[in-house]
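Novice: Handing you this structure, nothing more for now.
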Amino acid sequence: MAEKYDAPVIEKKWQDQWEADELYKATEKSDRPKWYALDMFPYTSGDLHIGHWYAFTPADAHARYKRMRGFNVMKPIGFDAFGLPAENAAIKSGIHPAIWTIRNIHRMHRQFRSMGVSFDWSREIATCLPSYYQWTQWLFLQLYKAGLAYKALAPANWCPSCQTVLANEQVIEGLCERCDTVVTKKNLDQWFFRITKYAEELLSFDGLEWPEKVKVMQTNWIGKSVGVEIVFKTENGADLPVFTTRPDTIFGVTFMVLAPEHPLVEQLTKPEQRQAIDDYVEATRRMSEIERLAAGREKTGVFTGAYAINPLNQEKVPIWIADYVLQSYGTGAVMAVPAHDQRDFEFAERFGLPIQVVIAPPAWSGGKLSCAFTGEGTMVNSGQFSGLTSTAGKDAIADFVEEHGLGQRRVQYRLRDWLVSRQRYWGAPIPIVYCQTCGMQPVPEDQLPVRLPIDVEFRPTGESPLRLSKTFLHTTCPKCGGPAERETDTMDTFVDSSWYFLRYCSPHDWYEAFDPEKTAFWMPVDQYVGGAEHSTMHLLYARFFVKALRDLGLVNFDEPFTRLFNQGQVISGGRRMSKSRGNVVNPDDFVETLGADTVRAYLMFLGPWDQGGDWSDRGIHGLYRFFNRVWSMVLDTKDAEAPESSAADDEREIRRLTHRTIARVTDDVERFRFNTMLAALMEFTNALAPYAEGRAVGTPAWKEAIRSLLLLLAPIGPHITEELWYRLGLPYSIHQQPWPVWEESLAAEETVTVVVQVNGKVREKLTVPVNITRDAVEGLALNSDRVQRYIDGASIANVIYVPGKLLNIVTRR
């Protein structure tokens, strides 16, 4: 009888050993093919919850598998350590963000090590350390010099509670993603990255093995539109350009609509409309874009008192403002065609504006429309273009507009430049100073990093302490040496995470952001793992960064992540975990009693990794029992010697079981199907159990089976398999051994089940040899009493055979 399986003791022993031996330290000096395995690094929240385990441990299993398959694996770890929660903690509890963050990192160190994840800790980074953000600032300066970073006055999403600007992606249904406060608009001088320069290239995913849903989300976020920019004129001769994807409808324009923020609103508004316009603009400023564009919301607007001239038919149309038009999209002005745009239709109905049909719906007889017709049709009421199809009309009017200097064909994107300014303390300072004599000046590279001051005051108002810190704010101009002030905005934390994967390649380089040779060796990342919620933020920003750095000559590749996998989410009791519901699972409790291997295995057994699963405290004990069965089987048979008498039949069956399992598990782990991988290993263990007390124990076949079981299980249960491998007297470490290889002749099935139908209905199932002929299958089927009972003397009209699967006998009377 084997001694008791004491998981916590065994796991601590091997974690210490692996760390002492630097077992998972990656090196460029290897003749093995490289494999860069990366998980999205965690925010320094202080506790690794079960969701972290669900993201990191299956990814670790795959990386361990790749290492055993002969790859030179780099699997680094670090911390996304800047951000609002640390600053909010400072305001609430008086703990400095740096102290709060470093404490959390130390706690997360311990928790990560308890997972048994094969991280290369020698490459650890934390984005809040000057040794990291020095290079974030350096990269900012490279973008600035290249014209890819610029400052402009722009309306920004403003959270009154957090007292900071939010990117569009950080506004969820009109609310701040951090605190759920209603987001408003505020005009501020903001720093932007010119991501729109790469909009077209970002639409290409050639060579990327990414989930289709992520590619669709990015494509929709970028929002490419092909159309025509047409210049209308106001009554006083000012240009009023609009962008449209439907130039074929221009003869149906019956009014114009400007965004309330449009710069011409002030100039165009007539005195008698001034108060109404001002009130409406102010009300709109308090609304989020989500609210303004909400479907089903009643249309509102105010007439400016001014008119514009349609350049195609010279008709005068009124100019309104309305909140459903956004200044940030297109030109901030639309030509309203209510007969062929539903929003314009609802607006026209609401305010009694004309509705002119210019694209005839099918079977239209000239009557009034009950709703906008947005489909293709024949142009009517369109002057010389009447009678053309919509498709032909688009090209004809675009040609006319360009020939007469009224506008031009254009491609437009929904994507806006990336706003990176944050009015907070706990972020990388933007390396810019302002001199009254020399103006805006970049901080010289040899003066980086611009360090965050430590002696700062955090006020409940949320105002950035950098504005109040005289030691930080006041400096000298790098150009003239006169007095200057530092930029007090810090960078969006997504800037830090847009290049961290490059820093891992040479994390301790004091002279460069990343070593070119080492980066060329490791990049791009071969397998990236993280949540799909980052599709239009981190993943898009990282792609932009790499393309920009490529154009600056700093990297020689186009994309950061070749393969991407999105894990699902662990729930509890059918609901998302939350402290308020009392259903949060603390993994540390289970590690202390059942061991990390059991927690790892249970999470991988919950279901398909990309779909998530429902945690059960009872269910996890099934995996603990499985590990105990493996433990006992290995140790109870380890000293057995080969029998004197032959056990050829048993040995052959054991070898067949072994090689089938190797083939099945290999296919599963390649596809991240850890749940079916574990199921196969459980079946294998159960299938071996009857032989554990038979004559086959101690034979080469049995030893091969036990070793294969441990090797196949090693990526999932790294500690128990290391211990059992050691007790078998095999070379250290199991995680450095080659992955087992199956023999096709042994892994191949010897029999298959052929379903027999009579007139399409299943009447029999035959177990037959794999290589059986069609005639033999047909003969067996026709000799079956059950089949003959349903043929019942009828003549056979046809026999359809799908080799190894199906035989269908078609009869007729």
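Each chain in the structure tokens gets a letter, A, B, ..., in the order shown, and its residues are numbered from 1; ligands are numbered from 1 in order too.
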Can you list, as a PyMOL selection string, every residue of region 151-390 of chain A that DSSP puts in strand (DSSP E or B)?
Specialist: chain A and resi 151-159+164-166+171-172+175-176+182+184-193+209+224-234+239-244+255-258+302-309+316-321+333-336+359-360+378-379+389
Novice: Give me, as a Markdown table, the closest atom pair and its distance (Å, one decimal) for every residue of region 523-549 of chain A within a cut-off of 12 Å of region 135-142 of chain A, counting only C-alpha atoms, rows sorted by chain and rising number.
Specialist:
| residue | atom | partner | partner_atom | distance |
| --- | --- | --- | --- | --- |
| A:Phe545 | CA | A:Leu139 | CA | 9.5 |
| A:Val546 | CA | A:Leu139 | CA | 11.3 |
| A:Ala548 | CA | A:Gln142 | CA | 9.6 |
| A:Leu549 | CA | A:Gln142 | CA | 8.6 |
Novice: What would the file look like if the residues just selected were written as a tab-separated table (two decimals), in the first residue's frame with N, CA, C and O atoms?
Specialist:
chain	number	residue	atom	x	y	z
A	545	PHE	N	1.03	49.88	-31.87
A	545	PHE	CA	2.37	50.17	-31.39
A	545	PHE	C	3.43	49.46	-32.22
A	545	PHE	O	4.43	50.05	-32.61
A	546	VAL	N	3.20	48.18	-32.47
A	546	VAL	CA	4.19	47.41	-33.22
A	546	VAL	C	4.34	47.96	-34.63
A	546	VAL	O	5.46	48.09	-35.16
A	548	ALA	N	3.79	51.04	-35.64
A	548	ALA	CA	4.47	52.33	-35.56
A	548	ALA	C	5.97	52.13	-35.31
A	548	ALA	O	6.81	52.79	-35.94
A	549	LEU	N	6.30	51.23	-34.39
A	549	LEU	CA	7.71	50.98	-34.10
A	549	LEU	C	8.42	50.35	-35.29
A	549	LEU	O	9.61	50.61	-35.53
Novice: Can you pull out every residue within 12 Å of region 744-757 of chain A, counting only C-alpha atoms, but drop anything in the same chain fewer than 4 positions away, and send it as an MDAnalysis selection string?
Specialist: chainID A and resid 651:665 761:774 776:784 786:788 790:791 798:811
Novice: Write out as JSON lines a residue-level contact list of region 258-330 of chain A versus region 405-418 of chain A with cut-off 10 Å: for each qualifying residue the closest pair of atoms and the distance in Å to one decimal, counting only C-alpha atoms, rows sorted by chain and residue number upward.
Specialist:
{"residue": "A:Pro311", "atom": "CA", "partner": "A:Leu406", "partner_atom": "CA", "distance": 7.2}
{"residue": "A:Leu312", "atom": "CA", "partner": "A:Leu406", "partner_atom": "CA", "distance": 8.9}
{"residue": "A:Ser328", "atom": "CA", "partner": "A:Arg416", "partner_atom": "CA", "distance": 7.5}
{"residue": "A:Tyr329", "atom": "CA", "partner": "A:Arg414", "partner_atom": "CA", "distance": 6.4}
{"residue": "A:Gly330", "atom": "CA", "partner": "A:Gln412", "partner_atom": "CA", "distance": 7.0}
Novice: For those residues, write N, CA and C atoms to a file as a JSON list (two decimals), in the first residue's frame.
Specialist:
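Generated output (again-v5.json):
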[["chain", "number", "residue", "atom", "x", "y", "z"],
["A", 311, "PRO", "N", -25.68, 71.45, -53.58],
["A", 311, "PRO", "CA", -24.89, 71.76, -54.78],
["A", 311, "PRO", "C", -25.37, 71.06, -56.05],
["A", 312, "LEU", "N", -26.23, 70.04, -55.89],
["A", 312, "LEU", "CA", -26.70, 69.31, -57.07],
["A", 312, "LEU", "C", -27.95, 69.93, -57.68],
["A", 328, "SER", "N", -17.33, 63.89, -33.58],
["A", 328, "SER", "CA", -16.18, 62.99, -33.68],
["A", 328, "SER", "C", -16.28, 62.01, -34.83],
["A", 329, "TYR", "N", -17.40, 61.98, -35.51],
["A", 329, "TYR", "CA", -17.56, 61.03, -36.62],
["A", 329, "TYR", "C", -17.79, 61.79, -37.92],
["A", 330, "GLY", "N", -16.99, 61.49, -38.93],
["A", 330, "GLY", "CA", -17.14, 62.17, -40.21],
["A", 330, "GLY", "C", -16.78, 63.64, -40.09]]
Novice: Run DSSP on the backbone and tell me which residues of region 397-493 of chain A come out as helix (DSSP H, G or I); list them as a list of chain:residue names.
Specialist: A:Ile397, A:Ala398, A:Asp399, A:Phe400, A:Val401, A:Glu402, A:Glu403, A:Glu445, A:Asp446, A:Gln447, A:Pro465, A:Leu466, A:Arg467, A:Lys470, A:Thr471, A:Phe472, A:Leu473, A:Thr493
Novice: Closest to Ser498 (chain A) among A:Asp47, A:Phe119, A:Asp80, A:Val281, using only C-alpha atoms?
Specialist: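 So, comparing all the options, the nearest one is A:Asp80.
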Novice: Counting only C-alpha atoms, figure out which residue out of A:Pro97, A:Pro33, A:Gly729, A:Pro587 gets nearest to Arg707 (chain A).
Specialist: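 Nearest to Arg707 (chain A): A:Gly729.
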Novice: For Gln737 (chain A), work out the shell of residues within 9 Å, counting only C-alpha atoms and skipping chain neighbours fewer than 2 positions away, then give it as a compact mmCIF listing (two decimals) with all heavy atoms, in the first residue's frame.
Specialist:
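The result, stored in out29.txt:
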# COMPACT_ATOMS: atom_id res chain seq x y z
N ARG A 67 7.22 22.79 -24.28
CA ARG A 67 8.59 22.56 -23.82
C ARG A 67 8.96 21.09 -24.01
O ARG A 67 10.07 20.75 -24.45
CB ARG A 67 8.70 22.99 -22.36
CG ARG A 67 10.12 23.17 -21.86
CD ARG A 67 10.12 23.71 -20.43
NE ARG A 67 9.88 25.15 -20.37
CZ ARG A 67 8.80 25.70 -19.85
NH1 ARG A 67 7.84 24.94 -19.34
NH2 ARG A 67 8.65 27.01 -19.82
N MET A 68 8.03 20.20 -23.69
CA MET A 68 8.27 18.76 -23.84
C MET A 68 8.30 18.33 -25.31
O MET A 68 8.87 17.30 -25.64
CB MET A 68 7.22 17.97 -23.06
CG MET A 68 7.27 18.21 -21.55
SD MET A 68 5.89 17.47 -20.65
CE MET A 68 6.39 15.74 -20.66
N ARG A 69 7.69 19.14 -26.16
CA ARG A 69 7.72 18.85 -27.59
C ARG A 69 9.00 19.34 -28.26
O ARG A 69 9.13 19.29 -29.48
CB ARG A 69 6.50 19.47 -28.28
CG ARG A 69 5.18 18.75 -28.04
CD ARG A 69 5.18 17.30 -28.47
NE ARG A 69 5.41 17.11 -29.89
CZ ARG A 69 4.45 16.98 -30.80
NH1 ARG A 69 3.18 17.05 -30.44
NH2 ARG A 69 4.76 16.78 -32.06
N GLY A 70 9.91 19.87 -27.48
CA GLY A 70 11.20 20.25 -28.03
C GLY A 70 11.38 21.72 -28.33
O GLY A 70 12.36 22.11 -28.98
N LEU A 711 3.97 11.38 -18.10
CA LEU A 711 4.38 12.40 -19.07
C LEU A 711 3.19 13.16 -19.62
O LEU A 711 3.22 14.39 -19.77
CB LEU A 711 5.18 11.76 -20.21
CG LEU A 711 6.57 11.24 -19.84
CD1 LEU A 711 7.11 10.35 -20.94
CD2 LEU A 711 7.53 12.40 -19.57
N PRO A 731 15.20 10.22 -14.75
CA PRO A 731 16.01 11.46 -14.78
C PRO A 731 15.18 12.71 -14.49
O PRO A 731 14.08 12.87 -14.99
CB PRO A 731 16.56 11.49 -16.21
CG PRO A 731 16.48 10.08 -16.69
CD PRO A 731 15.28 9.49 -16.02
N TYR A 732 15.76 13.60 -13.69
CA TYR A 732 15.15 14.91 -13.41
C TYR A 732 15.36 15.82 -14.63
O TYR A 732 16.40 15.79 -15.28
CB TYR A 732 15.85 15.51 -12.19
CG TYR A 732 15.46 16.92 -11.84
CD1 TYR A 732 14.25 17.18 -11.20
CD2 TYR A 732 16.30 18.00 -12.13
CE1 TYR A 732 13.90 18.49 -10.85
CE2 TYR A 732 15.96 19.29 -11.79
CZ TYR A 732 14.76 19.53 -11.15
OH TYR A 732 14.41 20.81 -10.80
N SER A 733 14.38 16.59 -14.96
CA SER A 733 13.04 16.71 -14.44
C SER A 733 12.07 16.13 -15.46
O SER A 733 12.35 16.12 -16.66
CB SER A 733 12.72 18.20 -14.19
OG SER A 733 11.35 18.49 -14.22
N ILE A 734 10.92 15.69 -15.00
CA ILE A 734 9.93 15.18 -15.95
C ILE A 734 9.56 16.24 -16.97
O ILE A 734 9.24 15.94 -18.12
CB ILE A 734 8.67 14.68 -15.21
CG1 ILE A 734 7.75 13.92 -16.18
CG2 ILE A 734 7.92 15.84 -14.53
CD1 ILE A 734 6.56 13.25 -15.52
N HIS A 735 9.67 17.51 -16.58
CA HIS A 735 9.27 18.60 -17.47
C HIS A 735 10.33 18.92 -18.52
O HIS A 735 10.11 19.77 -19.39
CB HIS A 735 8.93 19.84 -16.65
CG HIS A 735 7.87 19.57 -15.63
ND1 HIS A 735 6.58 19.22 -15.98
CD2 HIS A 735 7.92 19.54 -14.27
CE1 HIS A 735 5.87 19.01 -14.87
NE2 HIS A 735 6.65 19.19 -13.84
N TRP A 739 8.08 14.59 -25.04
CA TRP A 739 6.68 14.16 -25.07
C TRP A 739 6.60 12.78 -25.74
O TRP A 739 7.28 12.52 -26.73
CB TRP A 739 5.87 15.18 -25.86
CG TRP A 739 4.38 14.98 -25.86
CD1 TRP A 739 3.62 14.47 -26.87
CD2 TRP A 739 3.47 15.31 -24.81
NE1 TRP A 739 2.28 14.47 -26.52
CE2 TRP A 739 2.16 14.99 -25.24
CE3 TRP A 739 3.63 15.86 -23.53
CZ2 TRP A 739 1.03 15.18 -24.46
CZ3 TRP A 739 2.49 16.06 -22.75
CH2 TRP A 739 1.22 15.73 -23.22
N PRO A 740 5.79 11.87 -25.19
CA PRO A 740 5.71 10.52 -25.79
C PRO A 740 5.14 10.57 -27.21
O PRO A 740 4.33 11.43 -27.54
CB PRO A 740 4.79 9.76 -24.84
CG PRO A 740 4.04 10.81 -24.09
CD PRO A 740 4.95 12.00 -24.01
Novice: Find the residues near region 520-535 of chain A: any atom within 9 Å, counting only C-alpha atoms, skip ones fewer than 6 places away on the same chain, and give them as a short mmCIF file (atom, residue, chain, number, x, y, z; two decimals) with N, CA and C atoms, in the first residue's frame.
Specialist:
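Output contents, as saved in selection-v4.cif:
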data_model
loop_
_atom_site.label_atom_id
_atom_site.label_comp_id
_atom_site.auth_asym_id
_atom_site.auth_seq_id
_atom_site.Cartn_x
_atom_site.Cartn_y
_atom_site.Cartn_z
N GLU A 28 18.42 32.65 -25.18
CA GLU A 28 18.52 32.74 -26.64
C GLU A 28 19.54 31.74 -27.19
N LYS A 34 12.20 28.45 -31.08
CA LYS A 34 11.66 29.27 -29.99
C LYS A 34 10.14 29.18 -29.94
N TRP A 35 9.61 29.35 -28.74
CA TRP A 35 8.16 29.43 -28.53
C TRP A 35 7.92 30.45 -27.42
N TYR A 36 7.38 31.61 -27.80
CA TYR A 36 7.09 32.68 -26.86
C TYR A 36 5.64 32.53 -26.43
N ALA A 37 5.45 32.06 -25.19
CA ALA A 37 4.11 31.85 -24.63
C ALA A 37 3.82 32.96 -23.64
N LEU A 38 2.75 33.70 -23.84
CA LEU A 38 2.50 34.87 -23.00
C LEU A 38 1.04 34.96 -22.60
N ASP A 39 0.81 35.22 -21.32
CA ASP A 39 -0.52 35.51 -20.79
C ASP A 39 -0.61 37.01 -20.54
N MET A 40 -1.77 37.59 -20.76
CA MET A 40 -1.93 39.01 -20.46
C MET A 40 -1.58 39.24 -18.99
N PHE A 41 -0.64 40.14 -18.74
CA PHE A 41 -0.18 40.30 -17.37
C PHE A 41 -1.27 40.93 -16.50
N ALA A 55 -7.23 31.61 -16.13
CA ALA A 55 -6.49 32.17 -17.26
C ALA A 55 -5.08 31.60 -17.33
N PHE A 56 -4.41 31.48 -16.17
CA PHE A 56 -2.98 31.19 -16.18
C PHE A 56 -2.64 29.69 -16.19
N ALA A 59 -3.07 27.86 -19.65
CA ALA A 59 -2.03 28.39 -20.53
C ALA A 59 -0.67 27.79 -20.15
N ALA A 63 2.07 25.58 -22.39
CA ALA A 63 3.49 25.95 -22.48
C ALA A 63 4.38 24.78 -22.05
N MET A 74 9.80 30.51 -23.80
CA MET A 74 9.89 31.65 -22.90
C MET A 74 8.49 31.98 -22.42
N LYS A 213 -14.33 36.14 -33.68
CA LYS A 213 -15.10 37.19 -33.00
C LYS A 213 -14.23 38.41 -32.69
N VAL A 214 -12.95 38.19 -32.38
CA VAL A 214 -12.06 39.31 -32.08
C VAL A 214 -11.78 40.10 -33.35
N LYS A 215 -11.55 39.40 -34.45
CA LYS A 215 -11.31 40.09 -35.71
C LYS A 215 -12.54 40.90 -36.14
N MET A 217 -14.82 42.16 -34.08
CA MET A 217 -14.95 43.30 -33.17
C MET A 217 -14.00 44.43 -33.55
N GLN A 218 -12.76 44.09 -33.90
CA GLN A 218 -11.81 45.13 -34.30
C GLN A 218 -12.22 45.75 -35.63
N PHE A 501 5.38 43.27 -23.88
CA PHE A 501 5.83 42.01 -24.46
C PHE A 501 7.20 42.15 -25.12
N LEU A 502 7.55 43.38 -25.52
CA LEU A 502 8.89 43.63 -26.07
C LEU A 502 9.92 43.72 -24.95
N CYS A 505 11.78 40.63 -23.59
CA CYS A 505 12.89 40.05 -24.35
C CYS A 505 14.24 40.45 -23.76
N VAL A 555 11.59 47.70 -34.83
CA VAL A 555 11.32 46.26 -34.89
C VAL A 555 11.19 45.87 -36.36
N ASN A 556 11.27 44.57 -36.61
CA ASN A 556 11.25 44.11 -38.01
C ASN A 556 10.09 43.16 -38.30
N PHE A 557 8.98 43.32 -37.56
CA PHE A 557 7.81 42.47 -37.77
C PHE A 557 6.57 43.36 -37.72
N ASP A 558 5.44 42.81 -38.19
CA ASP A 558 4.23 43.62 -38.37
C ASP A 558 3.19 43.46 -37.27
N GLU A 559 3.19 42.32 -36.61
CA GLU A 559 2.16 42.02 -35.63
C GLU A 559 2.79 41.51 -34.34
N PRO A 560 2.19 41.83 -33.18
CA PRO A 560 2.77 41.38 -31.92
C PRO A 560 2.45 39.93 -31.55
N PHE A 561 1.26 39.45 -31.94
CA PHE A 561 0.78 38.15 -31.44
C PHE A 561 0.30 37.28 -32.62
N THR A 562 1.02 36.22 -32.89
CA THR A 562 0.66 35.36 -34.02
C THR A 562 -0.62 34.58 -33.74
N ARG A 563 -0.69 34.00 -32.54
CA ARG A 563 -1.88 33.22 -32.17
C ARG A 563 -2.50 33.83 -30.94
N LEU A 564 -3.82 33.80 -30.88
CA LEU A 564 -4.55 34.37 -29.75
C LEU A 564 -5.62 33.39 -29.31
N PHE A 565 -5.71 33.20 -27.99
CA PHE A 565 -6.78 32.36 -27.44
C PHE A 565 -7.48 33.15 -26.35
N ASN A 566 -8.81 33.18 -26.41
CA ASN A 566 -9.61 33.85 -25.38
C ASN A 566 -10.23 32.81 -24.46
N GLN A 567 -9.84 32.82 -23.18
CA GLN A 567 -10.45 31.90 -22.23
C GLN A 567 -11.83 32.38 -21.84
N GLY A 568 -12.65 31.46 -21.37
CA GLY A 568 -13.98 31.81 -20.89
C GLY A 568 -13.94 32.31 -19.45
N GLN A 569 -15.05 32.19 -18.77
CA GLN A 569 -15.17 32.74 -17.42
C GLN A 569 -15.71 31.68 -16.48
#
Novice: Please list as a PDB file with all heavy atoms, in the first residue's frame every residue within 9 Å of Gln111 (chain A), counting only C-alpha atoms and excluding residues in the same chain fewer than 4 positions away.
Specialist:
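This went into result14.pdb:
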ATOM      1  N   ASP A  47      -4.792  40.198  -4.936  1.00  0.00           N
ATOM      2  CA  ASP A  47      -5.217  38.816  -4.733  1.00  0.00           C
ATOM      3  C   ASP A  47      -5.498  38.171  -6.070  1.00  0.00           C
ATOM      4  O   ASP A  47      -6.168  38.755  -6.930  1.00  0.00           O
ATOM      5  CB  ASP A  47      -6.478  38.754  -3.867  1.00  0.00           C
ATOM      6  CG  ASP A  47      -6.179  39.021  -2.402  1.00  0.00           C
ATOM      7  OD1 ASP A  47      -5.412  38.232  -1.816  1.00  0.00           O
ATOM      8  OD2 ASP A  47      -6.701  40.008  -1.855  1.00  0.00           O
ATOM      9  N   LEU A  48      -4.983  36.966  -6.234  1.00  0.00           N
ATOM     10  CA  LEU A  48      -5.284  36.190  -7.437  1.00  0.00           C
ATOM     11  C   LEU A  48      -6.530  35.366  -7.166  1.00  0.00           C
ATOM     12  O   LEU A  48      -6.505  34.431  -6.356  1.00  0.00           O
ATOM     13  CB  LEU A  48      -4.102  35.287  -7.792  1.00  0.00           C
ATOM     14  CG  LEU A  48      -2.795  35.995  -8.155  1.00  0.00           C
ATOM     15  CD1 LEU A  48      -1.705  34.985  -8.448  1.00  0.00           C
ATOM     16  CD2 LEU A  48      -2.994  36.916  -9.357  1.00  0.00           C
ATOM     17  N   HIS A 106       4.001  41.652  -3.927  1.00  0.00           N
ATOM     18  CA  HIS A 106       4.605  40.620  -3.079  1.00  0.00           C
ATOM     19  C   HIS A 106       3.590  39.524  -2.740  1.00  0.00           C
ATOM     20  O   HIS A 106       3.928  38.330  -2.740  1.00  0.00           O
ATOM     21  CB  HIS A 106       5.140  41.247  -1.786  1.00  0.00           C
ATOM     22  CG  HIS A 106       6.376  42.073  -1.986  1.00  0.00           C
ATOM     23  ND1 HIS A 106       7.378  41.703  -2.854  1.00  0.00           N
ATOM     24  CD2 HIS A 106       6.787  43.248  -1.434  1.00  0.00           C
ATOM     25  CE1 HIS A 106       8.348  42.608  -2.827  1.00  0.00           C
ATOM     26  NE2 HIS A 106       8.011  43.570  -1.983  1.00  0.00           N
ATOM     27  N   ARG A 107       2.354  39.920  -2.467  1.00  0.00           N
ATOM     28  CA  ARG A 107       1.324  38.923  -2.163  1.00  0.00           C
ATOM     29  C   ARG A 107       1.020  38.061  -3.393  1.00  0.00           C
ATOM     30  O   ARG A 107       0.851  36.850  -3.298  1.00  0.00           O
ATOM     31  CB  ARG A 107       0.057  39.629  -1.672  1.00  0.00           C
ATOM     32  CG  ARG A 107      -1.011  38.659  -1.168  1.00  0.00           C
ATOM     33  CD  ARG A 107      -1.960  39.319  -0.186  1.00  0.00           C
ATOM     34  NE  ARG A 107      -2.700  40.423  -0.752  1.00  0.00           N
ATOM     35  CZ  ARG A 107      -2.510  41.711  -0.421  1.00  0.00           C
ATOM     36  NH1 ARG A 107      -1.574  42.031   0.450  1.00  0.00           N
ATOM     37  NH2 ARG A 107      -3.233  42.669  -0.961  1.00  0.00           N
ATOM     38  N   MET A 115       0.692  28.282  -7.652  1.00  0.00           N
ATOM     39  CA  MET A 115       0.022  27.683  -8.814  1.00  0.00           C
ATOM     40  C   MET A 115       0.885  26.619  -9.501  1.00  0.00           C
ATOM     41  O   MET A 115       0.376  25.758 -10.202  1.00  0.00           O
ATOM     42  CB  MET A 115      -0.273  28.755  -9.870  1.00  0.00           C
ATOM     43  CG  MET A 115      -1.385  29.695  -9.584  1.00  0.00           C
ATOM     44  SD  MET A 115      -1.596  30.766 -11.061  1.00  0.00           S
ATOM     45  CE  MET A 115      -2.806  31.918 -10.453  1.00  0.00           C
ATOM     46  N   ASP A 588      -6.839  29.816  -2.614  1.00  0.00           N
ATOM     47  CA  ASP A 588      -5.850  29.487  -1.586  1.00  0.00           C
ATOM     48  C   ASP A 588      -6.372  28.432  -0.616  1.00  0.00           C
ATOM     49  O   ASP A 588      -5.615  27.564  -0.143  1.00  0.00           O
ATOM     50  CB  ASP A 588      -5.459  30.744  -0.810  1.00  0.00           C
ATOM     51  CG  ASP A 588      -4.679  31.731  -1.662  1.00  0.00           C
ATOM     52  OD1 ASP A 588      -4.396  31.407  -2.831  1.00  0.00           O
ATOM     53  OD2 ASP A 588      -4.366  32.823  -1.169  1.00  0.00           O
TER      54      ASP A 588
END
Novice: Within 6 Å of Asp489 (chain A), counting only C-alpha atoms, which residues show up once you throw out same-chain ones fewer than 3 positions away? Write them as a tab-separated table (two decimals) with N, CA, C and O atoms, in the first residue's frame, please.
Specialist:
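Resulting contents of selection.tsv:
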chain	number	residue	atom	x	y	z
A	421	SER	N	-4.06	61.04	-22.61
A	421	SER	CA	-3.89	61.90	-21.43
A	421	SER	C	-4.77	61.42	-20.28
A	421	SER	O	-5.94	61.08	-20.48
A	422	ARG	N	-4.21	61.42	-19.09
A	422	ARG	CA	-4.97	61.14	-17.88
A	422	ARG	C	-4.59	62.16	-16.83
A	422	ARG	O	-3.40	62.41	-16.59
A	423	GLN	N	-5.58	62.74	-16.18
A	423	GLN	CA	-5.32	63.77	-15.17
A	423	GLN	C	-5.18	63.09	-13.79
A	423	GLN	O	-5.89	63.39	-12.84
Novice: Could you check the closest approach to Trp158 (chain A) for each of A:Ala61, A:Ala542, A:Met287, A:Ile571 and tell me which residue wins, using only C-alpha atoms?
Specialist: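 Between A:Ala61, A:Ala542, A:Met287, A:Ile571, the residue approaching Trp158 (chain A) most closely is A:Met287.
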Novice: What separation in Å, quoted to one decimal, exists between CA of Gln356 (chain A) and CA of Thr254 (chain A)?
Specialist: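 So the two atoms, CA of Gln356 (chain A) and CA of Thr254 (chain A), lie 7.2 Å apart.
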Novice: Check the smallest atom-to-atom distance from each of A:Thr331, A:Thr300, A:Gln163, A:Thr391 to Ile230 (chain A) using only C-alpha atoms, then report the winner.
Specialist: A:Thr331
Novice: Hey, which of A:Leu23, A:Trp615, A:Trp121, A:Ala90 ends up closest to Tyr504 (chain A)? Count only C-alpha atoms.
Specialist: A:Trp121
Novice: Looking at A:Arg576, A:Arg64, A:Lys75, A:His109, which one is nearest to Gly46 (chain A), with distances taken over only C-alpha atoms?
Specialist: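 Closest candidate: A:His109.
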